[in-house]
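Trainee: Please find model_14.tsv (TSV, C-alpha atoms) on the next line:
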chain	number	residue	atom	x	y	z
Z	1	MET	CA	0.00	0.00	0.00
Z	2	LEU	CA	1.24	3.47	-0.83
Z	3	THR	CA	1.25	5.93	2.05
Z	4	VAL	CA	1.84	9.59	2.75
Z	5	ARG	CA	4.04	9.92	5.83
Z	6	ARG	CA	2.82	13.29	7.11
Z	7	ARG	CA	-0.63	14.81	7.39
Z	8	LEU	CA	-0.93	18.51	6.71
Z	9	GLY	CA	-3.42	21.08	7.90
Z	10	VAL	CA	-3.85	24.84	7.96
Z	11	VAL	CA	-5.41	27.52	10.10
Z	12	SER	CA	-8.43	28.71	8.16
Z	13	ALA	CA	-9.31	32.36	7.78
Z	14	SER	CA	-12.39	32.82	9.92
Z	15	ALA	CA	-12.99	36.42	10.96
Z	16	ALA	CA	-15.63	38.60	9.35
Z	17	ILE	CA	-16.31	42.30	9.09
Z	18	ALA	CA	-19.52	43.24	10.87
Z	19	LEU	CA	-22.22	44.98	8.86
Z	20	LEU	CA	-23.35	48.24	10.47
Z	21	ALA	CA	-26.72	49.83	10.99
Z	22	ALA	CA	-25.43	52.88	12.84
Z	23	GLY	CA	-22.42	54.11	14.79
Z	24	CYS	CA	-20.65	56.55	12.48
Z	25	GLY	CA	-21.39	58.98	9.70
Z	26	GLU	CA	-23.74	57.70	7.02
Z	27	SER	CA	-21.12	57.92	4.29
Z	28	THR	CA	-18.62	55.94	6.36
Z	29	VAL	CA	-21.29	53.38	7.31
Z	30	SER	CA	-22.08	52.84	3.65
Z	31	GLN	CA	-18.41	52.41	2.75
Z	32	CYS	CA	-17.76	50.10	5.70
Z	33	ASN	CA	-20.65	47.88	4.64
Z	34	ARG	CA	-19.54	47.93	1.02
Z	35	LEU	CA	-16.07	46.76	2.00
Z	36	ALA	CA	-17.46	44.18	4.44
Z	37	GLU	CA	-19.76	42.58	1.87
Z	38	ILE	CA	-16.83	41.97	-0.48
Z	39	VAL	CA	-14.24	40.92	2.10
Z	40	ASN	CA	-16.62	38.46	3.77
Z	41	GLN	CA	-16.81	36.50	0.51
Z	42	ALA	CA	-13.36	35.14	1.40
Z	43	GLN	CA	-14.61	33.25	4.44
Z	44	GLY	CA	-15.02	29.98	2.54
Z	45	PHE	CA	-11.77	30.07	0.57
Z	46	MET	CA	-9.21	28.94	3.14
Z	47	PRO	CA	-11.48	26.31	4.74
Z	48	ALA	CA	-11.89	24.92	1.22
Z	49	PHE	CA	-8.11	24.65	0.88
Z	50	GLU	CA	-7.84	22.99	4.28
Z	51	SER	CA	-10.52	20.49	3.26
Z	52	ASN	CA	-8.65	19.74	0.03
Z	53	ILE	CA	-5.44	18.97	1.94
Z	54	GLN	CA	-7.25	16.73	4.41
Z	55	THR	CA	-9.09	14.88	1.64
Z	56	PHE	CA	-5.88	14.27	-0.29
Z	57	SER	CA	-4.05	13.08	2.83
Z	58	ALA	CA	-6.86	10.65	3.68
Z	59	ASN	CA	-7.08	9.33	0.12
Z	60	ALA	CA	-3.32	9.07	-0.33
Z	61	ALA	CA	-3.00	7.04	2.87
Z	62	GLN	CA	-5.30	4.37	1.44
Z	63	VAL	CA	-4.33	4.17	-2.22
Z	64	LYS	CA	-3.20	0.86	-3.66
Z	65	SER	CA	-1.66	1.95	-6.94
Z	66	LEU	CA	0.32	4.74	-8.54
Z	67	ASP	CA	-2.66	5.66	-10.68
Z	68	ASP	CA	-4.80	6.10	-7.57
Z	69	ILE	CA	-2.47	8.59	-5.94
Z	70	LYS	CA	-1.95	10.49	-9.19
Z	71	ALA	CA	-5.72	10.73	-9.55
Z	72	ALA	CA	-5.98	12.09	-5.99
Z	73	ALA	CA	-3.23	14.61	-6.74
Z	74	ASP	CA	-5.01	15.71	-9.90
Z	75	GLN	CA	-8.26	16.26	-7.97
Z	76	TYR	CA	-6.37	18.28	-5.36
Z	77	VAL	CA	-4.66	20.48	-7.96
Z	78	GLN	CA	-7.94	21.24	-9.70
Z	79	ALA	CA	-9.64	22.15	-6.41
Z	80	VAL	CA	-6.80	24.40	-5.23
Z	81	ASN	CA	-6.62	26.12	-8.60
Z	82	GLY	CA	-10.32	26.86	-8.22
Z	83	VAL	CA	-9.65	28.58	-4.89
Z	84	VAL	CA	-6.84	30.59	-6.52
Z	85	SER	CA	-9.27	31.76	-9.22
Z	86	ASP	CA	-11.77	32.83	-6.55
Z	87	LEU	CA	-9.09	34.78	-4.69
Z	88	ASP	CA	-7.90	36.50	-7.85
Z	89	ALA	CA	-11.48	37.51	-8.63
Z	90	LEU	CA	-11.89	38.83	-5.09
Z	91	GLY	CA	-8.72	40.91	-5.42
Z	92	THR	CA	-10.01	42.44	-8.64
Z	93	GLU	CA	-13.38	43.22	-7.06
Z	94	LEU	CA	-11.67	44.90	-4.12
Z	95	GLU	CA	-9.52	46.99	-6.45
Z	96	ASN	CA	-12.69	48.20	-8.17
Z	97	THR	CA	-14.52	48.98	-4.92
Z	98	ASP	CA	-15.50	52.65	-4.73
Z	99	LEU	CA	-14.20	54.11	-1.46
Z	100	SER	CA	-13.42	57.71	-0.57
Z	101	ASP	CA	-12.52	57.29	3.11
Z	102	GLU	CA	-8.71	57.31	3.24
Z	103	GLN	CA	-8.49	54.93	6.21
Z	104	LEU	CA	-10.81	52.39	4.57
Z	105	ILE	CA	-8.78	52.67	1.37
Z	106	SER	CA	-5.69	51.80	3.40
Z	107	TYR	CA	-7.41	48.77	4.92
Z	108	ARG	CA	-8.62	47.68	1.49
Z	109	ASP	CA	-5.15	47.95	-0.01
Z	110	ARG	CA	-3.66	45.90	2.84
Z	111	TYR	CA	-6.36	43.29	2.36
Z	112	ILE	CA	-5.68	43.12	-1.36
Z	113	GLU	CA	-2.00	42.53	-0.62
Z	114	MET	CA	-2.97	39.77	1.81
Z	115	VAL	CA	-5.28	38.15	-0.77
Z	116	GLN	CA	-2.47	38.21	-3.32
Z	117	GLY	CA	-0.24	36.50	-0.76
Z	118	PHE	CA	-2.85	33.78	-0.25
Z	119	SER	CA	-3.06	33.30	-4.01
Z	120	THR	CA	0.74	32.99	-4.31
Z	121	ALA	CA	0.91	30.46	-1.46
Z	122	LEU	CA	-1.89	28.37	-2.92
Z	123	THR	CA	-0.24	28.43	-6.33
Z	124	GLN	CA	2.90	27.09	-4.64
Z	125	ALA	CA	0.83	24.35	-3.00
Z	126	SER	CA	-0.67	23.43	-6.36
Z	127	SER	CA	2.77	23.32	-7.98
Z	128	ALA	CA	4.00	21.13	-5.14
Z	129	MET	CA	1.28	18.60	-5.77
Z	130	SER	CA	2.05	18.59	-9.49
Z	131	VAL	CA	5.30	16.87	-8.49
Z	132	VAL	CA	3.17	13.87	-7.50
Z	133	GLN	CA	1.08	14.14	-10.66
Z	134	ASP	CA	4.21	13.68	-12.77
Z	135	VAL	CA	5.56	10.56	-11.01
Z	136	GLU	CA	6.29	7.81	-13.55
Z	137	THR	CA	7.01	4.78	-11.37
Z	138	GLU	CA	6.15	3.60	-7.85
Z	139	ALA	CA	9.87	3.45	-7.08
Z	140	ASP	CA	10.04	7.22	-7.58
Z	141	LEU	CA	6.94	7.93	-5.51
Z	142	PRO	CA	8.34	8.14	-1.92
Z	143	ALA	CA	10.97	10.73	-2.87
Z	144	LYS	CA	8.47	12.75	-4.89
Z	145	ILE	CA	5.91	12.74	-2.08
Z	146	GLU	CA	8.56	13.96	0.34
Z	147	GLU	CA	9.56	16.73	-2.08
Z	148	SER	CA	5.92	17.70	-2.54
Z	149	GLN	CA	5.23	17.79	1.19
Z	150	GLN	CA	8.26	19.95	1.93
Z	151	GLN	CA	7.03	22.51	-0.58
Z	152	THR	CA	3.47	22.29	0.74
Z	153	VAL	CA	4.61	22.85	4.34
Z	154	GLN	CA	6.19	26.12	3.22
Z	155	ALA	CA	2.93	27.19	1.57
Z	156	VAL	CA	0.91	26.21	4.64
Z	157	GLN	CA	3.19	28.23	6.94
Z	158	GLN	CA	2.76	31.27	4.70
Z	159	ILE	CA	-1.02	30.79	4.75
Z	160	GLN	CA	-1.02	30.60	8.54
Z	161	GLU	CA	0.92	33.86	8.77
Z	162	LEU	CA	-1.42	35.53	6.28
Z	163	SER	CA	-4.44	34.30	8.29
Z	164	VAL	CA	-3.08	36.19	11.31
Z	165	GLU	CA	-2.66	39.30	9.17
Z	166	GLU	CA	-6.20	38.92	7.82
Z	167	SER	CA	-7.66	38.76	11.33
Z	168	THR	CA	-5.64	41.83	12.32
Z	169	ILE	CA	-6.95	43.85	9.36
Z	170	ILE	CA	-10.54	42.76	9.95
Z	171	ASN	CA	-10.40	43.67	13.63
Z	172	GLU	CA	-8.95	47.07	12.76
Z	173	VAL	CA	-11.74	47.64	10.24
Z	174	ASN	CA	-14.38	46.60	12.77
Z	175	THR	CA	-12.89	48.93	15.38
Z	176	TYR	CA	-12.66	51.84	12.94
Z	177	CYS	CA	-16.20	51.30	11.71
Z	178	GLY	CA	-17.57	51.10	15.25
Z	179	ALA	CA	-18.48	47.39	15.14
Z	180	GLU	CA	-18.59	45.61	18.49
Z	181	GLY	CA	-17.26	42.19	19.42
Z	182	ALA	CA	-14.12	42.13	17.30
Z	183	GLU	CA	-12.22	38.87	17.79
Z	184	PRO	CA	-8.55	38.92	18.85
Z	185	ALA	CA	-6.12	37.96	16.10
Z	186	PRO	CA	-4.85	34.35	16.37
Z	187	ALA	CA	-1.29	33.84	17.53
Z	188	ALA	CA	1.32	33.65	14.78
Z	189	PRO	CA	2.71	30.13	14.18
Z	190	GLU	CA	6.16	29.42	15.52
Z	191	GLU	CA	8.86	29.42	12.87
Z	192	GLY	CA	9.61	25.89	11.71
Z	193	GLY	CA	6.62	24.48	13.59
Z	194	GLU	CA	4.11	21.99	12.25
Z	195	ALA	CA	0.84	23.18	10.79
Z	196	ALA	CA	-2.05	23.39	13.22
Z	197	PRO	CA	-4.49	20.47	13.37
Z	198	GLU	CA	-7.96	20.82	11.99
Z	199	GLY	CA	-10.21	23.12	13.93
Z	200	GLU	CA	-7.58	25.08	15.84
Z	201	GLY	CA	-7.53	28.84	15.43
Z	202	GLU	CA	-11.08	28.99	14.07
Z	203	ALA	CA	-13.62	31.56	15.20
Z	204	ALA	CA	-17.26	31.92	14.31
Z	205	PRO	CA	-18.12	34.85	12.00
Z	206	GLU	CA	-19.33	37.92	13.85
Z	207	GLU	CA	-22.96	38.94	13.73
Z	208	GLY	CA	-23.87	42.42	12.55
Z	209	ALA	CA	-24.00	45.19	15.13
Z	210	GLU	CA	-27.39	46.44	16.21
Re-express the file's structure as structure tokens.
Mentor:
Amino acid sequence: MLTVRRRLGVVSASAAIALLAAGCGESTVSQCNRLAEIVNQAQGFMPAFESNIQTFSANAAQVKSLDDIKAAADQYVQAVNGVVSDLDALGTELENTDLSDEQLISYRDRYIEMVQGFSTALTQASSAMSVVQDVETEADLPAKIEESQQQTVQAVQQIQELSVEESTIINEVNTYCGAEGAEPAPAAPEEGGEAAPEGEGEAAPEEGAE
């Protein structure tokens, strides 16, 4: 039986910008809500990537042939590439968002940079898995899986760091916009540490302020 020696996981992005009914000037409220509605679209992207990693790890641990694991790798690559496309579309939508408040523009630009970082890391993860897709013989598989996992660990670490930055930005936006109940940013992962297990570092999306 072919096996993958290490299971990978990520800390999913989980914070949300609260929608406002009142609390600051009408123009700012409108802009805060406009930004929130777009940013909150990202809440499913990183959990989707985490699910893809977990599914591949589970499938790869049970495969019985080279073709099986290459098929699992192909499914993973397609799924991750779909998340990358969603992130790229989100970045474009944010760039086109009409804002006049200088502070919100600053938050938006930081968020765009963070989204681009997520996209780059996921592209790296997809490229890492393509190493497995291209394996020609079972004898080559263990070394290729190890190479793929080393590259994926780097991508996962970058995603974890970006998740912390995302939570920081969202909390700053919620504070600036007068939203209550902002969640504290998750702790940054230790350098060289293993990725967090499933479920750790997650927080429920915030409900809109009254």
Trainee: Got a sec: who's within 9 Å of Val115 (chain Z), counting only C-alpha atoms, leaving out chain neighbours fewer than 6 positions off, as a PyMOL selection string?
Mentor: chain Z and resi 42+87-88+90-91+162+166
Trainee: Output C-alpha atoms for every residue in that selection, as an mmCIF file, in the frame of the given file.
Mentor:
data_model
loop_
_atom_site.group_PDB
_atom_site.id
_atom_site.type_symbol
_atom_site.label_atom_id
_atom_site.label_comp_id
_atom_site.auth_asym_id
_atom_site.auth_seq_id
_atom_site.Cartn_x
_atom_site.Cartn_y
_atom_site.Cartn_z
ATOM 1 C CA ALA Z 42 -13.360 35.140 1.400
ATOM 2 C CA LEU Z 87 -9.090 34.780 -4.690
ATOM 3 C CA ASP Z 88 -7.900 36.500 -7.850
ATOM 4 C CA LEU Z 90 -11.890 38.830 -5.090
ATOM 5 C CA GLY Z 91 -8.720 40.910 -5.420
ATOM 6 C CA LEU Z 162 -1.420 35.530 6.280
ATOM 7 C CA GLU Z 166 -6.200 38.920 7.820
#
Trainee: Residues at most 7 Å from Ala72 (chain Z), counting all atoms listed in the file, excluding those fewer than 3 positions away in the same chain, as a CSV table (one decimal) with C-alpha atoms, in the frame of the given file?
Mentor:
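After the write, selection_10.csv holds the following:
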chain,number,residue,atom,x,y,z
Z,56,PHE,CA,-5.9,14.3,-0.3
Z,59,ASN,CA,-7.1,9.3,0.1
Z,60,ALA,CA,-3.3,9.1,-0.3
Z,68,ASP,CA,-4.8,6.1,-7.6
Z,69,ILE,CA,-2.5,8.6,-5.9
Z,75,GLN,CA,-8.3,16.3,-8.0
Z,76,TYR,CA,-6.4,18.3,-5.4
Trainee: Hey, what's within 12 Å of Glu93 (chain Z) if we count all atoms listed in the file and toss same-chain stuff fewer than 2 positions away? As number ranges by chain, please?
Mentor: Z: 34-35, 37-39, 41-42, 86-91, 95-98, 108-109, 111-112, 115
Trainee: Identify which of the residues Z:Ala155, Z:Ile105, Z:Val164, Z:Ala73 lies closest to Thr120 (chain Z), counting all atoms listed in the file when measuring atom-to-atom distances.
Mentor: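 Ranking Z:Ala155, Z:Ile105, Z:Val164, Z:Ala73 by distance to Thr120 (chain Z), first place goes to Z:Ala155.
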Trainee: Rounded to one decimal, what separation in Å do you get between CA of Ser57 (chain Z) and CA of Gln124 (chain Z)?
Mentor: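 The value is 17.3 Å.
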Trainee: Rounded to one decimal place, report the CA of Glu50 (chain Z)-CA of Gln150 (chain Z) distance in Å.
Mentor: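 Distance reported for this atom pair: 16.6 Å.
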Trainee: One number please: CA of Val131 (chain Z) to CA of Thr152 (chain Z), in Å, one decimal.
Mentor: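 These two atoms are separated by 10.9 Å.
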Trainee: Please list as a JSON list (two decimals) with C-alpha atoms, in the frame of the given file every residue within 8 Å of Leu66 (chain Z), counting all atoms listed in the file and excluding residues in the same chain fewer than 4 positions away.
Mentor:
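part.json, written as the output of this step:
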[["chain", "number", "residue", "atom", "x", "y", "z"],
["Z", 2, "LEU", "CA", 1.24, 3.47, -0.83],
["Z", 70, "LYS", "CA", -1.95, 10.49, -9.19],
["Z", 137, "THR", "CA", 7.01, 4.78, -11.37],
["Z", 138, "GLU", "CA", 6.15, 3.60, -7.85],
["Z", 141, "LEU", "CA", 6.94, 7.93, -5.51]]
Trainee: Smallest atom-to-atom distance to Asn33 (chain Z): which of Z:Gln116, Z:Leu104, Z:Gln149, Z:Ala128, using all atoms listed in the file?
Mentor: Z:Leu104
Trainee: Please identify all polymer residues within 12 Å of Val77 (chain Z), counting only C-alpha atoms, omitting same-chain residues fewer than 3 positions from it, and present them as a list in words.
Mentor: Phe49, Asn52, Ile53, Thr55, Phe56, Lys70, Ala71, Ala72, Ala73, Asp74, Val80, Asn81, Gly82, Val83, Val84, Leu122, Thr123, Gln124, Ala125, Ser126, Ser127, Ala128, Met129, Ser130, Val131, Val132 and Gln133 of chain Z
Trainee: Could you check which of Z:Thr175, Z:Ser106, Z:Gln62, Z:Gln54 is closest to Leu94 (chain Z), using only C-alpha atoms?
Mentor: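 Ranking Z:Thr175, Z:Ser106, Z:Gln62, Z:Gln54 by distance to Leu94 (chain Z), first place goes to Z:Ser106.
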Trainee: Which of these, Z:Val135, Z:Met114, Z:Ala79, Z:Met46, has the shortest distance to Ile169 (chain Z) once you count all atoms listed in the file?
Mentor: Z:Met114
Trainee: Please output region 70-87 of chain Z, rebuilt to include N, CA and C atoms, as an mmCIF file, in the coordinates of the input.
Mentor:
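Saved as result22.cif:
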data_model
loop_
_atom_site.group_PDB
_atom_site.id
_atom_site.type_symbol
_atom_site.label_atom_id
_atom_site.label_comp_id
_atom_site.auth_asym_id
_atom_site.auth_seq_id
_atom_site.Cartn_x
_atom_site.Cartn_y
_atom_site.Cartn_z
ATOM 1 N N LYS Z 70 -2.026 9.431 -8.186
ATOM 2 C CA LYS Z 70 -1.950 10.490 -9.190
ATOM 3 C C LYS Z 70 -3.323 11.080 -9.443
ATOM 4 N N ALA Z 71 -4.356 10.235 -9.383
ATOM 5 C CA ALA Z 71 -5.720 10.730 -9.550
ATOM 6 C C ALA Z 71 -6.100 11.638 -8.383
ATOM 7 N N ALA Z 72 -5.707 11.255 -7.160
ATOM 8 C CA ALA Z 72 -5.980 12.090 -5.990
ATOM 9 C C ALA Z 72 -5.250 13.421 -6.097
ATOM 10 N N ALA Z 73 -4.007 13.384 -6.568
ATOM 11 C CA ALA Z 73 -3.230 14.610 -6.740
ATOM 12 C C ALA Z 73 -3.869 15.523 -7.781
ATOM 13 N N ASP Z 74 -4.361 14.920 -8.848
ATOM 14 C CA ASP Z 74 -5.010 15.710 -9.900
ATOM 15 C C ASP Z 74 -6.269 16.395 -9.369
ATOM 16 N N GLN Z 75 -7.055 15.683 -8.560
ATOM 17 C CA GLN Z 75 -8.260 16.260 -7.970
ATOM 18 C C GLN Z 75 -7.894 17.424 -7.053
ATOM 19 N N TYR Z 76 -6.834 17.243 -6.283
ATOM 20 C CA TYR Z 76 -6.370 18.280 -5.360
ATOM 21 C C TYR Z 76 -5.953 19.532 -6.140
ATOM 22 N N VAL Z 77 -5.152 19.346 -7.177
ATOM 23 C CA VAL Z 77 -4.660 20.480 -7.960
ATOM 24 C C VAL Z 77 -5.825 21.266 -8.557
ATOM 25 N N GLN Z 78 -6.798 20.560 -9.101
ATOM 26 C CA GLN Z 78 -7.940 21.240 -9.700
ATOM 27 C C GLN Z 78 -8.716 22.044 -8.648
ATOM 28 N N ALA Z 79 -8.895 21.463 -7.460
ATOM 29 C CA ALA Z 79 -9.640 22.150 -6.410
ATOM 30 C C ALA Z 79 -8.896 23.391 -5.925
ATOM 31 N N VAL Z 80 -7.587 23.257 -5.705
ATOM 32 C CA VAL Z 80 -6.800 24.400 -5.230
ATOM 33 C C VAL Z 80 -6.750 25.494 -6.278
ATOM 34 N N ASN Z 81 -6.618 25.116 -7.537
ATOM 35 C CA ASN Z 81 -6.620 26.120 -8.600
ATOM 36 C C ASN Z 81 -7.940 26.877 -8.649
ATOM 37 N N GLY Z 82 -9.029 26.192 -8.293
ATOM 38 C CA GLY Z 82 -10.320 26.860 -8.220
ATOM 39 C C GLY Z 82 -10.350 27.916 -7.125
ATOM 40 N N VAL Z 83 -9.736 27.605 -5.979
ATOM 41 C CA VAL Z 83 -9.650 28.580 -4.890
ATOM 42 C C VAL Z 83 -8.794 29.775 -5.319
ATOM 43 N N VAL Z 84 -7.699 29.506 -6.029
ATOM 44 C CA VAL Z 84 -6.840 30.590 -6.520
ATOM 45 C C VAL Z 84 -7.638 31.520 -7.441
ATOM 46 N N SER Z 85 -8.444 30.949 -8.315
ATOM 47 C CA SER Z 85 -9.270 31.760 -9.220
ATOM 48 C C SER Z 85 -10.243 32.634 -8.441
ATOM 49 N N ASP Z 86 -10.845 32.062 -7.385
ATOM 50 C CA ASP Z 86 -11.770 32.830 -6.550
ATOM 51 C C ASP Z 86 -11.051 33.986 -5.860
ATOM 52 N N LEU Z 87 -9.862 33.735 -5.362
ATOM 53 C CA LEU Z 87 -9.090 34.780 -4.690
ATOM 54 C C LEU Z 87 -8.691 35.890 -5.657
#
